[in-house]
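For reference, final14.txt (compact mmCIF, C-alpha atoms):
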# COMPACT_ATOMS: atom_id res chain seq x y z
CA GLU A 11 69.17 173.63 67.06
CA GLY A 12 70.91 171.37 64.57
CA GLN A 13 67.61 170.17 63.14
CA ALA A 14 66.44 173.75 62.75
CA ARG A 15 69.62 174.64 60.86
CA LEU A 16 69.14 171.70 58.53
CA LYS A 17 65.56 172.74 57.81
CA SER A 18 66.67 176.31 57.14
CA HIS A 19 68.79 174.97 54.28
CA GLY A 20 65.99 172.77 52.95
CA TYR A 21 66.95 169.43 54.53
CA ASP A 22 65.28 167.34 57.20
CA GLY A 23 68.07 164.85 57.81
CA VAL A 24 71.75 164.10 57.42
CA PRO A 25 74.12 163.75 55.66
CA VAL A 26 74.38 167.36 54.46
CA VAL A 27 77.57 169.05 53.29
CA GLY A 28 78.06 172.83 53.29
CA ASN A 29 80.76 175.36 52.61
CA GLY A 30 79.16 178.29 54.38
CA VAL A 31 77.31 179.42 51.26
CA ASP A 32 75.89 176.32 49.57
CA TYR A 33 74.47 173.22 51.23
CA VAL A 34 73.89 169.94 49.42
CA SER A 35 72.95 166.37 50.23
CA GLY A 36 75.97 164.40 51.36
CA GLY A 37 74.87 161.57 49.10
CA ASP A 38 74.97 163.73 45.97
CA LEU A 39 78.68 163.31 45.26
CA ARG A 40 78.61 165.52 42.17
CA ALA A 41 77.17 168.37 44.22
CA VAL A 42 79.65 167.75 47.05
CA ALA A 43 82.52 167.93 44.56
CA ARG A 44 81.09 171.12 43.06
CA ILE A 45 80.92 173.05 46.33
CA ALA A 46 84.31 171.66 47.35
CA GLY A 47 85.80 173.02 44.13
CA PHE A 48 86.99 169.91 42.31
CA VAL A 49 85.87 167.70 39.45
CA TRP A 50 84.55 164.25 40.33
CA ASP A 51 84.03 161.55 37.75
CA PRO A 52 81.71 158.83 39.06
CA PRO A 53 82.73 155.21 38.55
CA PRO A 54 80.94 153.28 35.81
CA MET A 55 77.60 151.76 36.77
CA LEU A 56 76.44 148.25 36.06
CA GLU A 57 74.00 148.04 33.17
CA PRO A 58 70.30 147.93 34.13
CA PRO A 59 69.79 144.22 33.24
CA VAL A 60 72.62 143.29 35.59
CA LEU A 61 71.29 145.58 38.31
CA TYR A 62 67.83 144.05 37.99
CA GLN A 63 69.17 140.51 38.33
CA LYS A 64 71.12 141.48 41.42
CA TRP A 65 68.19 143.34 43.00
CA ASP A 66 65.86 140.41 42.35
CA TRP A 67 68.28 137.99 44.00
CA ILE A 68 68.83 140.34 46.95
CA LEU A 69 65.07 140.61 47.54
CA GLU A 70 64.66 136.84 47.23
CA SER A 71 67.44 136.44 49.78
CA CYS A 72 65.90 138.94 52.18
CA VAL A 73 62.61 137.03 52.11
CA ARG A 74 64.46 133.77 52.72
CA TYR A 75 66.29 135.23 55.70
CA VAL A 76 63.06 136.56 57.21
CA ARG A 77 61.60 133.07 57.06
CA GLN A 78 64.54 131.90 59.16
CA VAL A 79 63.81 134.27 62.04
CA PRO A 80 63.09 132.25 65.21
CA GLU A 81 59.98 132.82 67.27
CA GLY A 82 60.03 136.26 68.89
CA GLY A 83 63.05 137.30 66.85
CA LEU A 84 61.32 139.96 64.78
CA GLU A 85 61.21 142.23 67.81
CA TYR A 86 64.91 141.79 68.58
CA GLU A 87 66.69 145.15 68.84
CA PRO A 88 70.47 145.41 69.32
CA PRO A 89 71.65 147.49 72.28
CA ASP A 90 73.19 150.27 70.18
CA ARG A 91 70.63 150.42 67.35
CA PRO A 92 67.03 151.47 68.12
CA ARG A 93 65.52 149.43 65.27
CA THR A 94 63.85 146.05 65.45
CA LEU A 95 64.52 143.31 62.97
CA ARG A 96 60.89 143.57 61.86
CA ASN A 97 61.27 147.25 60.96
CA LEU A 98 64.69 146.74 59.36
CA ALA A 99 63.46 143.95 57.08
CA PHE A 100 60.27 145.87 56.26
CA HIS A 101 62.37 148.85 55.24
CA ALA A 102 64.66 146.71 53.06
CA MET A 103 61.64 145.19 51.32
CA SER A 104 60.02 148.61 50.78
CA ILE A 105 62.88 150.24 48.88
CA ALA A 106 61.78 148.76 45.56
CA ARG A 107 58.29 150.20 46.09
CA SER A 108 59.78 153.64 46.70
CA PHE A 109 61.71 153.43 43.44
CA LEU A 110 58.62 152.31 41.53
CA ARG A 111 56.54 155.18 42.92
CA ALA A 112 59.21 157.62 41.81
CA TYR A 113 59.28 156.00 38.37
CA ASP A 114 55.50 155.87 37.88
CA GLU A 115 54.34 159.04 39.60
CA GLY A 116 57.35 161.34 39.39
CA MET A 117 57.17 161.92 43.12
CA PRO A 118 60.38 162.51 45.09
CA GLU A 119 61.92 159.25 46.13
CA SER A 120 62.14 158.77 49.89
CA TRP A 121 62.60 156.00 52.43
CA ARG A 122 61.02 157.97 55.28
CA GLY A 123 57.51 157.76 56.68
CA ILE A 124 55.59 154.56 56.01
CA MET A 125 58.73 152.79 54.83
CA ASP A 126 60.48 153.10 58.19
CA LEU A 127 58.04 151.25 60.45
CA ALA A 128 56.22 148.04 59.68
CA PRO A 129 52.43 148.58 59.94
CA ASP A 130 50.34 146.84 62.57
CA HIS A 131 49.01 144.29 60.10
CA ILE A 132 52.53 142.97 59.42
CA GLN A 133 53.41 141.19 62.65
CA THR A 134 54.49 137.66 61.83
CA VAL A 135 57.36 136.15 59.89
CA GLU A 136 55.02 134.94 57.16
CA GLU A 137 53.24 138.30 56.86
CA LEU A 138 56.58 140.05 56.50
CA ALA A 139 57.85 137.47 54.00
CA ALA A 140 54.66 137.86 51.94
CA TYR A 141 55.21 141.62 51.86
CA GLY A 142 58.72 141.04 50.52
CA GLU A 143 57.49 138.59 47.90
CA GLU A 144 54.97 141.16 46.73
CA SER A 145 57.71 143.81 46.46
CA ARG A 146 59.76 141.40 44.38
CA ARG A 147 56.76 140.65 42.14
CA MET A 148 56.11 144.38 41.63
CA LEU A 149 59.72 144.97 40.63
CA ALA A 150 59.63 142.00 38.22
CA GLU A 151 56.45 143.25 36.56
CA TRP A 152 57.93 146.73 36.17
CA TRP A 153 61.08 145.30 34.62
CA ARG A 154 59.10 143.10 32.21
CA ASP A 155 56.61 145.78 31.15
CA ALA A 156 58.66 148.98 31.24
CA GLY A 157 62.11 148.93 32.78
CA SER A 158 63.81 146.56 30.37
CA GLN A 159 62.88 148.80 27.41
CA ASP A 160 63.62 152.12 29.13
CA PRO A 161 67.06 153.77 28.80
CA LEU A 162 66.51 155.06 32.37
CA ASP A 163 68.02 158.41 31.47
CA ARG A 164 65.10 160.50 32.75
CA VAL A 165 66.10 162.72 35.68
CA ILE A 166 64.05 162.53 38.87
CA GLU A 167 64.33 164.28 42.22
CA THR A 168 65.58 162.01 44.98
CA TYR A 169 66.64 162.46 48.59
CA GLN A 170 70.19 162.66 47.21
CA GLY A 171 69.44 165.37 44.67
CA ALA A 172 68.61 165.11 40.99
CA GLN A 173 69.57 161.72 39.54
CA THR A 174 68.89 159.75 36.42
CA LEU A 175 66.67 156.72 36.85
CA HIS A 176 69.74 154.57 36.16
CA GLU A 177 71.56 156.22 39.07
CA ALA A 178 68.54 155.79 41.34
CA PHE A 179 68.21 152.17 40.20
CA GLU A 180 71.81 151.47 41.16
CA ARG A 181 71.52 153.31 44.46
CA GLN A 182 68.42 151.49 45.56
CA THR A 183 69.83 148.12 44.52
CA TRP A 184 72.81 148.47 46.83
CA HIS A 185 70.63 150.20 49.44
CA THR A 186 68.51 147.04 49.60
CA ALA A 187 71.65 144.90 49.68
CA GLN A 188 73.10 146.85 52.59
CA HIS A 189 70.01 146.35 54.72
CA THR A 190 69.81 142.71 53.69
CA ARG A 191 73.37 142.26 54.96
CA GLN A 192 72.16 143.75 58.23
CA VAL A 193 69.30 141.22 58.36
CA MET A 194 71.98 138.54 58.01
CA MET A 195 73.78 140.09 60.98
CA PHE A 196 70.59 139.96 63.06
CA LEU A 197 70.26 136.26 62.31
CA GLY A 198 73.76 135.76 63.66
CA TRP A 199 72.81 137.57 66.86
CA LEU A 200 69.81 135.24 67.07
CA ASP A 201 72.11 132.19 66.78
CA THR A 202 70.66 131.27 63.39
CA GLU A 203 72.88 130.12 60.51
CA VAL A 204 72.11 132.15 57.39
CA ASP A 205 70.73 130.13 54.48
CA ARG A 206 72.78 131.04 51.38
CA PRO A 207 74.27 134.33 52.57
CA LEU A 208 74.99 137.07 50.05
CA THR A 209 78.46 136.64 48.57
CA ASP A 210 81.06 138.98 47.13
CA ASP A 211 80.01 137.80 43.67
CA ASP A 212 76.37 138.71 44.41
CA LEU A 213 77.43 142.24 45.30
CA ALA A 214 80.21 142.68 42.72
CA GLY A 215 80.02 146.00 40.88
CA LEU A 216 77.77 147.67 43.47
CA PRO A 217 79.27 150.65 45.35
CA MET A 218 78.62 149.03 48.73
CA PRO A 219 79.75 150.63 51.99
CA LYS A 220 82.59 148.72 53.64
CA GLY A 221 80.91 148.64 57.03
CA TRP A 222 77.64 146.78 57.49
CA TRP A 223 76.21 149.68 59.51
CA ASP A 224 77.45 152.53 57.25

Rewrite the structure of this file - the entire thing - as structure tokens.
Amino acid sequence: EGQARLKSHGYDGVPVVGNGVDYVSGGDLRAVARIAGFVWDPPPMLEPPVLYQKWDWILESCVRYVRQVPEGGLEYEPPDRPRTLRNLAFHAMSIARSFLRAYDEGMPESWRGIMDLAPDHIQTVEELAAYGEESRRMLAEWWRDAGSQDPLDRVIETYQGAQTLHEAFERQTWHTAQHTRQVMMFLGWLDTEVDRPLTDDDLAGLPMPKGWWD
């Protein structure tokens, strides 16, 4: 019933906020403020060159952590989270590709579908790490050839409503960081010491959730 109600308002997943008349994505804070009846001024965003440097380092770190996964560890799934480490890391490494598709093709940005589950041909630690390295290379080429010269003020449709490319760039940088923090947590569960864990300085200026599972 709940899923049917969401679809009736044009959404296929949470979070969604409504006031009985209007319904908006819970991640679109401007829209949430509008239907709640108050003015919300978003905090300043990091400039794109800083965001790119952080995203590149986060992706490099995610690949490094994947290479630390012990034998059999990719299929580890915590008791209260129905997601394997393999699928979590694949998702984290796919976020850049989602952003680039939205940038190049104007298609709505989404993490669902093929980005949720690692395909059958990505089974091993090295195959997963290679996928992450390719994502990092794609992001670097975009930044070199287009992103670094683009004001990123074009508005695109995302799963959190209409956003500028700069806003989407920031969101997907910290989105990747959040899942990379979770990969670090998996390594702890697998009794593996994280090689150069992400620090507060690495994440400074990103609107990160406080909880690692938020």

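Shortest atom-to-atom contact with Leu56 in chain A among A:Asp160, A:Asp212, A:Glu143, A:Glu180: A:Glu180, counting all atoms listed in the file.
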
- So which residues touch Met103 in chain A within 7 Å, counting only C-alpha atoms, skipping near sequence neighbours fewer than 4 positions away, as a ChimeraX atom specification? /A:69,99,142,145

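As for CA of Met218 in chain A and CA of Glu151 in chain A, they are spaced 25.9 Å apart.
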
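Remark: for Gln188 in chain A, the closest of the candidate residues A:Trp152, A:Trp65, A:Phe109, A:Tyr141 is A:Trp65 (distances computed over only C-alpha atoms).
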
- Can you tell me, as a ChimeraX atom specification, what residues are no more than 9 Å from Ile132 in chain A when counting all atoms listed in the file, ignoring any on the same chain fewer than 5 positions away? /A:96,100,137-138,141

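CA of Lys64 in chain A is found 25.4 Å from CA of Leu84 in chain A.
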